[in-house]
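What follows is one structure encoded as structure tokens, with my remarks underneath.
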Amino acid sequence: QVQLVESGGGLVQPGGSLRLSCAASRDIFAFGYMGWYRQAPGKERELVARFSRDGIVTYADSVKGRFTISRDKARKTLFLQMNSLKPEDTAVYYCNHSSNWGPVWGRGTQVTVSS
């Protein structure tokens with residue numbers, strides 16, 4: 001089974017930026033959806049951004065214009081560039097791959113936006 005490992009989280013001030021990375025153990029971009037979700041304390045996990053198998057990108061309304069998802073197929077890595085961060089972006093961010101074989105999740109990386 002594929003493994004996903006996130007990195008790049010941390011503490012940042014409001015208005016700052018972070019870049020998250022998700023390294024996959026094998027090339028899975030062509031199979032299903034791959035993207036980022038987040039879960040804040042006391043809230044349900046929600047979609048942030050994702051690629052479809054055909055490369056179509058979907059963003060949550062709350063992050064449009066601030067976050068950018070990208071991928072490097074050769075490096076089997078997914079990225080999430082987060083700019084103009086707000087306190088409400090504070091959450092654990094998870095990398096996800098979903099296909100006919102079911103979902104695969106990384107362990108998550110904490111992003112905290114606070115002054």
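Chain labels A, B, ... are given in the sequence in which chains occur in the structure tokens; within each chain residues are numbered consecutively from 1, and ligands are likewise numbered from 1 in the order shown.
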Exercise for the section: Would you mind listing what lies within 9 Å of Glu6 in chain A as a list in words, with only C-alpha atoms counted and same-chain residues fewer than 6 positions away left out? Expected result: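 What passes the distance filter is Leu20, Ser21, Cys22, Ala23, Tyr93, Tyr94, Cys95, Gly106, Arg107, Gly108 and Thr109 of chain A.
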Show which residues sit within 7 Å of Leu47 in chain A, as a JSON list (two decimals) with all heavy atoms, in the first residue's frame. Count only C-alpha atoms, and ignore same-chain residues fewer than 2 positions away.
```json
[["chain", "number", "residue", "atom", "x", "y", "z"],
["A", 36, "TRP", "N", -5.08, 17.74, -0.34],
["A", 36, "TRP", "CA", -4.87, 18.13, 1.04],
["A", 36, "TRP", "C", -6.22, 18.34, 1.74],
["A", 36, "TRP", "O", -7.13, 18.95, 1.17],
["A", 36, "TRP", "CB", -4.07, 19.44, 1.12],
["A", 36, "TRP", "CG", -2.68, 19.31, 0.62],
["A", 36, "TRP", "CD1", -2.21, 19.58, -0.63],
["A", 36, "TRP", "CD2", -1.54, 18.90, 1.39],
["A", 36, "TRP", "NE1", -0.86, 19.34, -0.69],
["A", 36, "TRP", "CE2", -0.42, 18.93, 0.53],
["A", 36, "TRP", "CE3", -1.34, 18.51, 2.72],
["A", 36, "TRP", "CZ2", 0.87, 18.58, 0.95],
["A", 36, "TRP", "CZ3", -0.08, 18.17, 3.14],
["A", 36, "TRP", "CH2", 1.01, 18.21, 2.27],
["A", 37, "TYR", "N", -6.29, 17.85, 2.97],
["A", 37, "TYR", "CA", -7.41, 18.08, 3.85],
["A", 37, "TYR", "C", -6.88, 18.69, 5.14],
["A", 37, "TYR", "O", -5.67, 18.63, 5.41],
["A", 37, "TYR", "CB", -8.14, 16.77, 4.17],
["A", 37, "TYR", "CG", -8.96, 16.22, 3.03],
["A", 37, "TYR", "CD1", -8.35, 15.66, 1.92],
["A", 37, "TYR", "CD2", -10.35, 16.24, 3.07],
["A", 37, "TYR", "CE1", -9.10, 15.15, 0.86],
["A", 37, "TYR", "CE2", -11.11, 15.72, 2.02],
["A", 37, "TYR", "CZ", -10.46, 15.19, 0.93],
["A", 37, "TYR", "OH", -11.22, 14.68, -0.10],
["A", 38, "ARG", "N", -7.75, 19.26, 5.94],
["A", 38, "ARG", "CA", -7.34, 19.77, 7.25],
["A", 38, "ARG", "C", -8.43, 19.53, 8.28],
["A", 38, "ARG", "O", -9.61, 19.43, 7.94],
["A", 38, "ARG", "CB", -7.00, 21.26, 7.17],
["A", 38, "ARG", "CG", -8.18, 22.18, 6.89],
["A", 38, "ARG", "CD", -7.69, 23.62, 6.71],
["A", 38, "ARG", "NE", -8.81, 24.54, 6.44],
["A", 38, "ARG", "CZ", -8.64, 25.81, 6.12],
["A", 38, "ARG", "NH1", -7.42, 26.34, 6.03],
["A", 38, "ARG", "NH2", -9.70, 26.58, 5.90],
["A", 49, "ALA", "N", -7.68, 21.35, -0.91],
["A", 49, "ALA", "CA", -7.42, 21.42, -2.35],
["A", 49, "ALA", "C", -7.04, 20.02, -2.82],
["A", 49, "ALA", "O", -6.45, 19.25, -2.07],
["A", 49, "ALA", "CB", -6.29, 22.39, -2.66],
["A", 60, "ALA", "N", -11.15, 24.66, -1.73],
["A", 60, "ALA", "CA", -12.20, 25.12, -0.84],
["A", 60, "ALA", "C", -12.35, 26.63, -1.02],
["A", 60, "ALA", "O", -11.36, 27.34, -1.25],
["A", 60, "ALA", "CB", -11.84, 24.80, 0.61]]
```
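Look at Asp72 in chain A: the protein and nucleic acid residues within 12 Å of it, using only C-alpha atoms and passing over chain neighbours fewer than 6 places away, are Ser21, Cys22, Ala23, Ala24, Asp27, Ile28, Phe29, Leu78, Phe79 and Leu80 of chain A.
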So that I have them on file, write out the residues from the current selection with N, CA, C and O atoms, as a compact mmCIF listing (two decimals), in the first residue's frame.
```txt
# COMPACT_ATOMS: atom_id res chain seq x y z
N SER A 21 4.66 19.79 2.07
CA SER A 21 5.04 18.77 1.09
C SER A 21 4.46 17.43 1.51
O SER A 21 4.32 17.16 2.71
N CYS A 22 4.16 16.60 0.52
CA CYS A 22 3.68 15.25 0.77
C CYS A 22 4.43 14.32 -0.16
O CYS A 22 4.24 14.39 -1.39
N ALA A 23 5.26 13.46 0.41
CA ALA A 23 6.03 12.52 -0.39
C ALA A 23 5.31 11.18 -0.42
O ALA A 23 4.97 10.62 0.62
N ALA A 24 5.09 10.67 -1.64
CA ALA A 24 4.44 9.37 -1.81
C ALA A 24 5.50 8.29 -2.04
O ALA A 24 6.54 8.54 -2.65
N ASP A 27 4.51 6.24 -7.45
CA ASP A 27 3.80 7.15 -8.32
C ASP A 27 2.32 6.78 -8.37
O ASP A 27 1.97 5.74 -8.92
N ILE A 28 1.50 7.66 -7.81
CA ILE A 28 0.06 7.38 -7.75
C ILE A 28 -0.76 8.52 -8.34
O ILE A 28 -1.98 8.50 -8.29
N PHE A 29 -0.10 9.51 -8.89
CA PHE A 29 -0.84 10.69 -9.35
C PHE A 29 -1.84 10.35 -10.44
O PHE A 29 -2.86 11.03 -10.57
N LEU A 78 3.64 16.03 -3.62
CA LEU A 78 2.55 16.99 -3.71
C LEU A 78 2.88 18.16 -2.80
O LEU A 78 3.46 17.95 -1.72
N PHE A 79 2.52 19.37 -3.23
CA PHE A 79 2.82 20.56 -2.45
C PHE A 79 1.55 21.36 -2.17
O PHE A 79 0.58 21.27 -2.93
N LEU A 80 1.62 22.17 -1.12
CA LEU A 80 0.57 23.14 -0.86
C LEU A 80 1.25 24.42 -0.39
O LEU A 80 1.80 24.48 0.70
```
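Note that CA of Arg53 in chain A and CA of Lys73 in chain A are 12.4 Å apart.
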Problem - Among the residues A:Val111, A:Ala74, A:Val48, A:Ile56, the one that comes closest to Leu18 in chain A [using only C-alpha atoms] - result: A:Val111
Handout entry: Pick from A:Asn96, A:Gln13, A:Ser52, A:Gln39, whichever lies nearest to Ser114 in chain A using only C-alpha atoms
Key =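 Closest to Ser114 in chain A, using only C-alpha atoms: A:Gln13.
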Please report, as a tab-separated table, each residue of range 4-92 of chain A lying at most 6 Å from range 97-104 of chain A, together with the nearest pair of atoms and the separation in Å rounded to one decimal; use only C-alpha atoms, and order rows by chain and ascending residue number.
```
residue	atom	partner	partner_atom	distance
A:Gly32	CA	A:Ser99	CA	4.4
A:Tyr33	CA	A:Ser98	CA	5.1
A:Met34	CA	A:His97	CA	4.4
```
